[in-house]
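**Student:** File my_file.txt below, compact mmCIF, C-alpha atoms and all ligand atoms:
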# COMPACT_ATOMS: atom_id res chain seq x y z
CA MET D 1 -18.91 13.09 25.34
CA LYS D 2 -15.32 13.35 26.57
CA ALA D 3 -12.99 16.04 25.22
CA VAL D 4 -9.65 17.63 26.10
CA THR D 5 -10.33 21.26 26.99
CA VAL D 6 -8.27 24.30 27.91
CA THR D 7 -9.88 27.10 29.93
CA PRO D 8 -7.83 30.31 29.71
CA ALA D 9 -9.59 32.07 32.64
CA THR D 10 -8.66 29.32 35.12
CA ARG D 11 -5.61 28.02 33.21
CA ARG D 12 -6.93 24.46 33.34
CA VAL D 13 -6.11 21.66 30.89
CA GLU D 14 -8.42 18.70 31.49
CA VAL D 15 -10.52 15.87 30.10
CA ARG D 16 -14.18 16.57 30.77
CA ASP D 17 -17.72 15.98 29.58
CA VAL D 18 -18.91 18.51 27.02
CA PRO D 19 -22.10 18.56 24.90
CA GLU D 20 -21.90 16.26 21.89
CA PRO D 21 -22.25 18.20 18.63
CA ARG D 22 -25.08 17.26 16.26
CA PRO D 23 -25.25 17.93 12.49
CA GLN D 24 -27.06 21.19 11.71
CA SER D 25 -27.25 20.86 7.92
CA PRO D 26 -27.48 18.04 5.35
CA SER D 27 -23.98 18.80 4.04
CA GLN D 28 -22.45 17.97 7.43
CA VAL D 29 -20.85 14.77 8.57
CA SER D 30 -20.71 13.37 12.09
CA LEU D 31 -17.32 11.84 12.81
CA ARG D 32 -16.03 9.47 15.47
CA MET D 33 -12.49 10.56 16.25
CA ILE D 34 -9.91 7.77 16.16
CA ARG D 35 -6.83 9.70 17.24
CA ALA D 36 -5.32 13.18 17.30
CA GLY D 37 -1.67 14.19 17.12
CA VAL D 38 0.09 16.53 19.54
CA CYS D 39 2.36 19.26 18.18
CA GLY D 40 4.18 22.33 19.48
CA THR D 41 1.11 24.49 18.86
CA ASP D 42 -0.98 22.31 21.20
CA ARG D 43 1.70 22.54 23.88
CA GLU D 44 1.79 26.33 23.51
CA ILE D 45 -2.01 26.50 23.82
CA CYS D 46 -1.72 24.43 27.01
CA ARG D 47 0.82 26.97 28.30
CA PHE D 48 -1.77 29.65 27.45
CA ASP D 49 0.61 31.42 25.04
CA TYR D 50 -2.37 31.46 22.67
CA GLY D 51 -5.55 29.58 21.81
CA THR D 52 -8.98 31.26 21.59
CA PRO D 53 -12.25 29.57 22.65
CA PRO D 54 -15.25 29.89 20.31
CA ALA D 55 -17.46 32.94 20.89
CA GLY D 56 -19.68 32.32 23.92
CA SER D 57 -17.54 29.48 25.33
CA ASP D 58 -15.08 29.81 28.21
CA TYR D 59 -13.15 26.72 27.05
CA LEU D 60 -11.57 25.44 23.84
CA VAL D 61 -11.48 21.79 22.79
CA ILE D 62 -7.95 21.49 21.44
CA GLY D 63 -6.43 19.24 18.75
CA HIS D 64 -5.97 19.88 15.02
CA GLU D 65 -4.04 16.83 13.74
CA SER D 66 -6.81 14.34 13.16
CA LEU D 67 -7.95 10.96 11.95
CA ALA D 68 -11.66 10.17 12.11
CA GLU D 69 -14.23 7.67 10.90
CA VAL D 70 -17.55 8.78 9.48
CA ALA D 71 -20.43 7.84 11.83
CA GLU D 72 -23.18 9.52 9.82
CA ALA D 73 -23.14 11.51 6.58
CA GLY D 74 -25.84 14.02 5.66
CA ALA D 75 -27.84 13.64 2.44
CA GLU D 76 -25.85 16.44 0.78
CA ALA D 77 -22.43 15.30 2.05
CA LYS D 78 -21.53 14.05 -1.41
CA GLY D 79 -18.96 11.25 -1.62
CA TRP D 80 -19.12 10.40 2.10
CA LYS D 81 -20.63 7.36 3.82
CA LYS D 82 -20.51 5.66 7.20
CA GLY D 83 -17.16 3.95 7.85
CA ASP D 84 -15.08 6.21 5.56
CA LEU D 85 -11.84 7.53 7.01
CA ALA D 86 -11.22 11.28 6.99
CA VAL D 87 -8.69 13.90 7.96
CA LEU D 88 -10.10 17.36 8.69
CA ILE D 89 -8.78 20.59 7.19
CA VAL D 90 -7.95 22.98 10.06
CA ARG D 91 -8.58 26.55 8.88
CA ARG D 92 -12.00 28.10 8.05
CA PRO D 93 -12.41 31.19 5.86
CA CYS D 94 -13.06 34.73 7.09
CA GLY D 95 -16.33 36.38 6.08
CA ASP D 96 -14.87 39.40 4.30
CA PRO D 97 -16.14 39.58 0.68
CA ALA D 98 -12.92 41.44 -0.21
CA CYS D 99 -10.64 38.60 0.96
CA ASP D 100 -9.75 37.04 -2.39
CA ALA D 101 -7.91 34.17 -0.73
CA CYS D 102 -10.84 33.04 1.42
CA ARG D 103 -13.35 33.62 -1.39
CA ALA D 104 -11.19 31.33 -3.56
CA GLY D 105 -11.24 28.64 -0.87
CA ARG D 106 -7.62 29.35 0.03
CA GLN D 107 -8.04 30.55 3.61
CA ASP D 108 -4.45 29.42 4.27
CA PHE D 109 -3.57 32.71 2.49
CA CYS D 110 -6.27 34.81 4.31
CA VAL D 111 -5.37 38.51 4.36
CA THR D 112 -7.75 39.77 7.09
CA GLY D 113 -6.60 37.49 9.91
CA ASN D 114 -10.26 36.85 10.74
CA TYR D 115 -10.13 33.17 9.77
CA THR D 116 -10.83 30.56 12.43
CA GLU D 117 -8.85 27.38 13.09
CA ARG D 118 -10.32 24.29 14.67
CA GLY D 119 -8.63 23.53 17.98
CA ILE D 120 -6.61 26.77 17.87
CA LYS D 121 -8.60 29.91 17.17
CA GLY D 122 -12.32 30.41 17.62
CA GLU D 123 -13.54 26.84 16.95
CA HIS D 124 -13.41 23.61 18.92
CA GLY D 125 -10.86 21.06 17.77
CA PHE D 126 -10.49 17.34 17.40
CA MET D 127 -9.45 15.90 20.79
CA ALA D 128 -13.07 14.89 21.33
CA GLN D 129 -15.05 11.69 20.86
CA THR D 130 -17.39 13.22 18.26
CA VAL D 131 -16.78 16.01 15.76
CA VAL D 132 -19.26 17.46 13.25
CA GLU D 133 -17.98 19.15 10.11
CA ASP D 134 -19.12 20.19 6.66
CA ALA D 135 -18.06 17.68 4.00
CA ARG D 136 -16.11 20.38 2.15
CA TYR D 137 -13.50 20.41 4.95
CA LEU D 138 -12.93 16.65 4.93
CA VAL D 139 -10.24 14.79 3.02
CA HIS D 140 -10.60 11.09 2.14
CA VAL D 141 -8.03 8.65 3.54
CA PRO D 142 -7.69 5.09 2.18
CA ALA D 143 -8.25 2.34 4.77
CA GLU D 144 -4.68 1.03 4.43
CA LEU D 145 -3.33 4.31 5.86
CA ARG D 146 -5.40 4.06 9.06
CA ASP D 147 -2.32 3.43 11.29
CA VAL D 148 -0.38 6.46 10.09
CA ALA D 149 -2.89 8.98 8.64
CA VAL D 150 -2.73 11.12 11.78
CA LEU D 151 0.55 12.30 10.17
CA VAL D 152 -1.32 13.84 7.21
CA GLU D 153 -1.83 17.26 8.85
CA PRO D 154 1.84 17.76 9.88
CA LEU D 155 2.85 16.48 6.42
CA THR D 156 0.72 19.19 4.76
CA ILE D 157 3.28 21.76 5.94
CA ALA D 158 5.94 20.12 3.78
CA GLU D 159 3.52 19.56 0.92
CA LYS D 160 2.53 23.23 0.81
CA ALA D 161 6.22 24.18 0.99
CA ARG D 162 7.00 21.80 -1.88
CA LEU D 163 4.21 23.31 -3.98
CA GLU D 164 5.46 26.82 -3.18
CA VAL D 165 9.06 25.90 -4.03
CA ASP D 166 7.80 24.43 -7.28
CA ALA D 167 6.05 27.72 -8.10
CA MET D 168 9.20 29.68 -7.20
CA LEU D 169 11.26 27.61 -9.64
CA ASP D 170 9.24 29.27 -12.39
CA ARG D 171 11.42 32.34 -11.89
CA MET D 172 14.33 30.39 -13.37
CA PRO D 173 14.34 30.52 -17.21
CA TRP D 174 15.89 27.02 -17.34
CA ARG D 175 13.33 25.72 -14.89
CA ARG D 176 13.15 21.98 -14.43
CA GLU D 177 9.77 20.29 -14.41
CA SER D 178 9.66 19.95 -10.62
CA VAL D 179 11.78 19.98 -7.49
CA ASN D 180 13.32 16.70 -8.76
CA GLY D 181 17.12 16.80 -8.52
CA LEU D 182 17.39 19.74 -6.12
CA HIS D 183 19.50 19.58 -2.98
CA VAL D 184 17.24 20.30 -0.01
CA MET D 185 18.60 20.95 3.46
CA VAL D 186 16.08 20.31 6.22
CA LEU D 187 16.68 22.02 9.56
CA GLY D 188 15.16 20.27 12.56
CA GLY D 189 14.54 16.64 13.45
CA GLY D 190 10.96 16.91 14.76
CA PRO D 191 7.95 15.46 12.90
CA VAL D 192 7.67 18.48 10.55
CA GLY D 193 11.35 18.19 9.62
CA LEU D 194 11.34 14.41 9.22
CA LEU D 195 8.11 14.41 7.18
CA GLY D 196 9.58 17.24 5.10
CA ALA D 197 12.69 15.13 4.47
CA MET D 198 10.47 12.27 3.31
CA ALA D 199 8.36 14.52 1.05
CA PHE D 200 11.38 16.06 -0.68
CA SER D 201 13.17 12.72 -0.95
CA ALA D 202 10.06 11.09 -2.48
CA ALA D 203 9.92 13.99 -4.96
CA GLY D 204 13.42 13.10 -6.16
CA CYS D 205 15.46 15.64 -4.18
CA ARG D 206 18.79 14.99 -2.50
CA VAL D 207 18.08 15.57 1.19
CA THR D 208 20.36 16.52 4.07
CA LEU D 209 18.78 16.92 7.51
CA ALA D 210 20.55 18.83 10.27
CA SER D 211 19.43 18.49 13.88
CA ARG D 212 20.93 18.67 17.34
CA GLN D 213 20.69 14.96 18.21
CA PRO D 214 23.96 12.94 18.00
CA ALA D 215 24.93 10.81 14.98
CA THR D 216 23.81 7.71 16.91
CA ASP D 217 20.22 9.01 17.17
CA VAL D 218 17.33 7.13 15.53
CA ARG D 219 17.00 10.12 13.15
CA ALA D 220 20.29 9.18 11.46
CA LYS D 221 18.87 5.71 10.66
CA LEU D 222 15.59 7.24 9.48
CA LEU D 223 17.45 9.51 7.07
CA GLU D 224 19.50 6.60 5.78
CA ALA D 225 16.31 4.58 5.25
CA ILE D 226 14.79 7.30 3.08
CA GLY D 227 17.98 7.86 1.07
CA GLY D 228 18.99 11.07 2.82
CA ARG D 229 21.90 12.14 5.00
CA TYR D 230 21.86 13.13 8.66
CA VAL D 231 24.16 15.87 10.02
CA PRO D 232 24.34 16.36 13.78
CA VAL D 233 24.88 20.00 14.75
CA GLY D 234 25.02 22.22 17.75
CA PRO D 235 25.31 23.94 19.90
CA PRO D 236 25.65 26.41 17.00
CA PRO D 237 26.91 27.00 14.40
CA LEU D 238 24.15 25.68 12.16
CA GLY D 239 25.32 28.03 9.40
CA GLU D 240 28.55 26.00 9.16
CA ALA D 241 26.49 22.85 8.56
CA VAL D 242 24.61 24.60 5.74
CA LYS D 243 27.89 25.78 4.15
CA GLN D 244 29.49 22.34 4.49
CA ALA D 245 26.53 20.58 2.91
CA GLY D 246 27.72 21.85 -0.48
CA ARG D 247 25.43 23.68 -2.88
CA VAL D 248 22.01 23.85 -1.31
CA ASP D 249 19.05 24.83 -3.50
CA VAL D 250 16.41 24.90 -0.78
CA VAL D 251 16.57 25.21 2.99
CA TYR D 252 13.42 23.92 4.71
CA GLU D 253 13.35 25.33 8.22
CA ALA D 254 11.48 23.26 10.83
CA ILE D 255 13.19 24.37 14.04
CA GLY D 256 10.80 27.08 15.17
CA ALA D 257 13.56 29.13 16.84
CA ALA D 258 14.77 32.39 15.34
CA PRO D 259 18.51 32.43 16.23
CA PRO D 260 19.52 29.17 14.49
CA ALA D 261 17.11 29.82 11.60
CA PHE D 262 18.62 33.24 10.86
CA GLU D 263 22.12 31.87 11.26
CA ALA D 264 21.28 29.31 8.58
CA LEU D 265 19.64 31.95 6.36
CA GLN D 266 22.90 33.89 6.35
CA ALA D 267 24.67 30.80 4.97
CA LEU D 268 22.30 30.41 1.99
CA GLY D 269 24.01 30.16 -1.40
CA PRO D 270 23.34 31.64 -4.88
CA ASN D 271 19.71 31.45 -6.10
CA GLY D 272 18.87 29.75 -2.80
CA LEU D 273 15.35 29.45 -1.46
CA PHE D 274 14.76 29.53 2.28
CA VAL D 275 11.39 28.31 3.53
CA PHE D 276 10.44 29.23 7.09
CA THR D 277 7.79 26.94 8.61
CA GLY D 278 8.39 27.39 12.35
CA VAL D 279 6.60 29.87 14.59
CA PRO D 280 9.20 30.93 17.14
CA GLY D 281 8.30 31.57 20.77
CA ARG D 282 8.97 34.98 22.19
CA ARG D 283 12.34 33.90 23.58
CA GLY D 284 15.58 34.35 21.65
CA THR D 285 16.54 37.22 19.39
CA PRO D 286 18.59 36.36 16.33
CA ASP D 287 22.02 37.91 15.98
CA VAL D 288 21.55 39.33 12.48
CA ASP D 289 23.79 41.69 10.52
CA GLY D 290 20.99 43.28 8.48
CA GLY D 291 23.38 44.78 5.93
CA ALA D 292 25.14 41.49 5.28
CA LEU D 293 21.82 39.66 5.02
CA MET D 294 20.39 42.20 2.57
CA ARG D 295 23.59 42.08 0.52
CA SER D 296 23.40 38.28 0.39
CA LEU D 297 19.71 38.26 -0.61
CA VAL D 298 20.31 40.78 -3.41
CA LEU D 299 23.67 39.64 -4.75
CA ASN D 300 22.59 35.99 -4.70
CA ASN D 301 19.02 36.31 -6.05
CA GLN D 302 17.75 34.59 -2.92
CA VAL D 303 14.18 34.05 -1.80
CA ALA D 304 13.06 33.86 1.84
CA LEU D 305 9.52 32.56 2.10
CA GLY D 306 7.17 31.85 4.97
CA THR D 307 4.41 29.27 4.80
CA VAL D 308 1.57 28.56 7.20
CA ASN D 309 -1.34 26.18 7.18
CA ALA D 310 -2.36 24.37 4.00
CA GLY D 311 -5.02 24.23 1.33
CA ARG D 312 -6.91 21.18 0.07
CA ASP D 313 -4.25 20.62 -2.62
CA ALA D 314 -1.59 20.10 0.07
CA TYR D 315 -3.89 17.79 2.09
CA GLU D 316 -4.57 15.64 -0.96
CA ALA D 317 -0.87 15.61 -1.86
CA ALA D 318 -0.10 14.58 1.74
CA VAL D 319 -2.50 11.62 1.62
CA ALA D 320 -1.05 10.50 -1.73
CA ASP D 321 2.53 10.96 -0.53
CA LEU D 322 1.91 9.12 2.75
CA GLY D 323 0.73 6.18 0.64
CA ARG D 324 3.97 6.37 -1.36
CA PHE D 325 6.07 6.60 1.82
CA MET D 326 4.31 3.49 3.17
CA GLN D 327 5.17 1.60 -0.02
CA ARG D 328 8.82 2.59 0.15
CA TRP D 329 9.65 3.14 3.82
CA PRO D 330 6.90 1.64 6.03
CA ASP D 331 9.16 1.16 9.07
CA ALA D 332 10.51 4.71 8.88
CA VAL D 333 6.98 6.16 8.72
CA ARG D 334 5.76 4.03 11.64
CA ALA D 335 8.84 5.02 13.66
CA LEU D 336 7.67 8.66 13.64
CA VAL D 337 4.81 7.95 16.05
CA THR D 338 6.70 7.19 19.24
CA ASN D 339 4.02 7.68 21.94
CA HIS D 340 0.39 6.48 21.99
CA VAL D 341 -1.44 8.06 24.93
CA PRO D 342 -5.00 7.22 26.09
CA LEU D 343 -7.44 10.14 26.15
CA ALA D 344 -7.51 10.21 29.97
CA ASP D 345 -3.76 10.93 30.06
CA ALA D 346 -3.82 13.65 27.38
CA PRO D 347 -3.50 16.61 29.81
CA LYS D 348 -0.28 15.15 31.25
CA ALA D 349 1.15 14.46 27.76
CA LEU D 350 0.28 18.00 26.66
CA THR D 351 1.85 19.73 29.63
CA SER D 352 5.03 17.67 30.14
CA PRO D 353 8.21 18.25 28.13
CA PRO D 354 8.08 16.48 24.74
CA ASP D 355 9.91 13.19 24.37
CA GLY D 356 10.32 10.93 21.35
CA ILE D 357 9.17 12.19 17.95
CA LYS D 358 5.35 12.29 17.67
CA THR D 359 2.83 11.77 20.46
CA VAL D 360 -0.73 10.84 19.52
CA ILE D 361 -3.81 10.75 21.70
CA GLU D 362 -5.89 7.58 21.19
CA ILE D 363 -9.53 8.62 21.32
CA GLY D 364 -11.68 5.81 19.90
ZN ZN R 401 0.20 21.08 14.56
ZN ZN R 402 -9.84 35.75 4.62
Could the structure of this file be written out as structure tokens, please?
**Tutor:**
Amino acid sequence: MKAVTVTPATRRVEVRDVPEPRPQSPSQVSLRMIRAGVCGTDREICRFDYGTPPAGSDYLVIGHESLAEVAEAGAEAKGWKKGDLAVLIVRRPCGDPACDACRAGRQDFCVTGNYTERGIKGEHGFMAQTVVEDARYLVHVPAELRDVAVLVEPLTIAEKARLEVDAMLDRMPWRRESVNGLHVMVLGGGPVGLLGAMAFSAAGCRVTLASRQPATDVRAKLLEAIGGRYVPVGPPPLGEAVKQAGRVDVVYEAIGAAPPAFEALQALGPNGLFVFTGVPGRRGTPDVDGGALMRSLVLNNQVALGTVNAGRDAYEAAVADLGRFMQRWPDAVRALVTNHVPLADAPKALTSPPDGIKTVIEIG
């Protein structure tokens, strides 16, 4: 079968023939991949910043944002049958009996670091014609979401953040029932930011999104369509934009660069929650006055929180929310996928500078 592979030893990114995986146990499902999304992590793997092949392999099949159709379900793959649509959960638990998170099925909170991630760390990913996986790592997708369900995985970042913010609100004695009514400032106009804006808006939040594109950019229209507000910023100061947005309850960072993120953190208001979702590259050191930041965190009861990966709860919330988005804002959701690339051209798409919003590789 054809797959997109990266080979660290020779620094090659290519489409090539690799052995087709076969189910090894009755709880496994064989999947025909429909498409896979491209994100910053994939591009970094193709620059060989990271990415680890499985043990015994010199190459890694990349891809972790998936949509697949079941080709064959094992006898013990309960609830799955041929033709079902599925999105695959990315992270697999470590084997340490003392890792409470992994033992509870919440490897997104793994404490040993010995988890694996399909398409990223130690296991082949989803830019391949066939993928085999245990049913417990599959999430059902309704047929009507086929066109857009490749956005489920990037949406899980926002869904996990929303669940975490919800849990954090418990610290407030006058806690509301949910994030409903909060003012959320989203930083960054990439897919993670835009999907985050949709998730918080659908949950009843007032949403402001700040990004570096001009006010005439398609992002401004997208924000208007989902009932939010777009603020063009930059070059810095982003902190000014946060201050001018009025009282902000939550900042959802989706820039992935430390200097603007820390500048925005320093502008956070009383009781504010700052959620970091980006993994910055090694370039760029934030200009931080540690004393002022500590003073602000303490005197304002602020929370700064990081979130990575997602559990099944966030995947299921993402599928449900994507259905809601499609009811309310179908054109805005469809506008997020700007580039459809055939499998043969995947290496070029992965190694050239990003353009548009979301690129997806069409596999089957
Ligand atoms: Zn990704
Ligand atoms: Zn673990």
**Student:** Once you count all atoms listed in the file, which residues end up within 12 Å of ligand ZN 402 (chain R), and could you hand them over as a list of chain:residue names?
**Tutor:**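 The residues near ligand ZN 402 (chain R) are D:Arg91, D:Arg92, D:Pro93, D:Cys94, D:Gly95, D:Asp96, D:Pro97, D:Ala98, D:Cys99, D:Asp100, D:Ala101, D:Cys102, D:Arg103, D:Ala104, D:Gly105, D:Arg106, D:Gln107, D:Asp108, D:Phe109, D:Cys110, D:Val111, D:Thr112, D:Gly113, D:Asn114, D:Tyr115, D:Thr116, D:Glu117.
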**Student:** Write out as a compact mmCIF listing (two decimals) with C-alpha atoms, in the frame of the given file the residues lying within 10 Å of Glu76 in chain D, counting all atoms listed in the file and excluding same-chain residues fewer than 6 positions away.
**Tutor:**
# COMPACT_ATOMS: atom_id res chain seq x y z
CA SER D 25 -27.25 20.86 7.92
CA PRO D 26 -27.48 18.04 5.35
CA SER D 27 -23.98 18.80 4.04
CA GLN D 28 -22.45 17.97 7.43
CA VAL D 29 -20.85 14.77 8.57
CA ASP D 134 -19.12 20.19 6.66
CA ALA D 135 -18.06 17.68 4.00
**Student:** Kindly indicate which residue among D:Ala36, D:Thr130, D:Gln266, D:Ser30 lies nearest to Ala292 in chain D, using all atoms listed in the file for the distances.
**Tutor:** D:Gln266
**Student:** I need the residue nearest ligand ZN 401 (chain R) from this list: D:Pro191, D:Gly281, D:Gly181, D:Gly364. Use only C-alpha atoms and all ligand atoms for the distance.
**Tutor:** D:Pro191
**Student:** By how many Å are CA of Arg328 in chain D and CA of Gly356 in chain D apart?
**Tutor:**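 CA of Gly356 in chain D lies at a distance of 22.8 Å from CA of Arg328 in chain D.
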**Student:** If you measure from CA of Val337 in chain D to CA of His140 in chain D, what distance in Å do you get, rounded to one decimal?
**Tutor:**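 It comes out at 21.0 Å.
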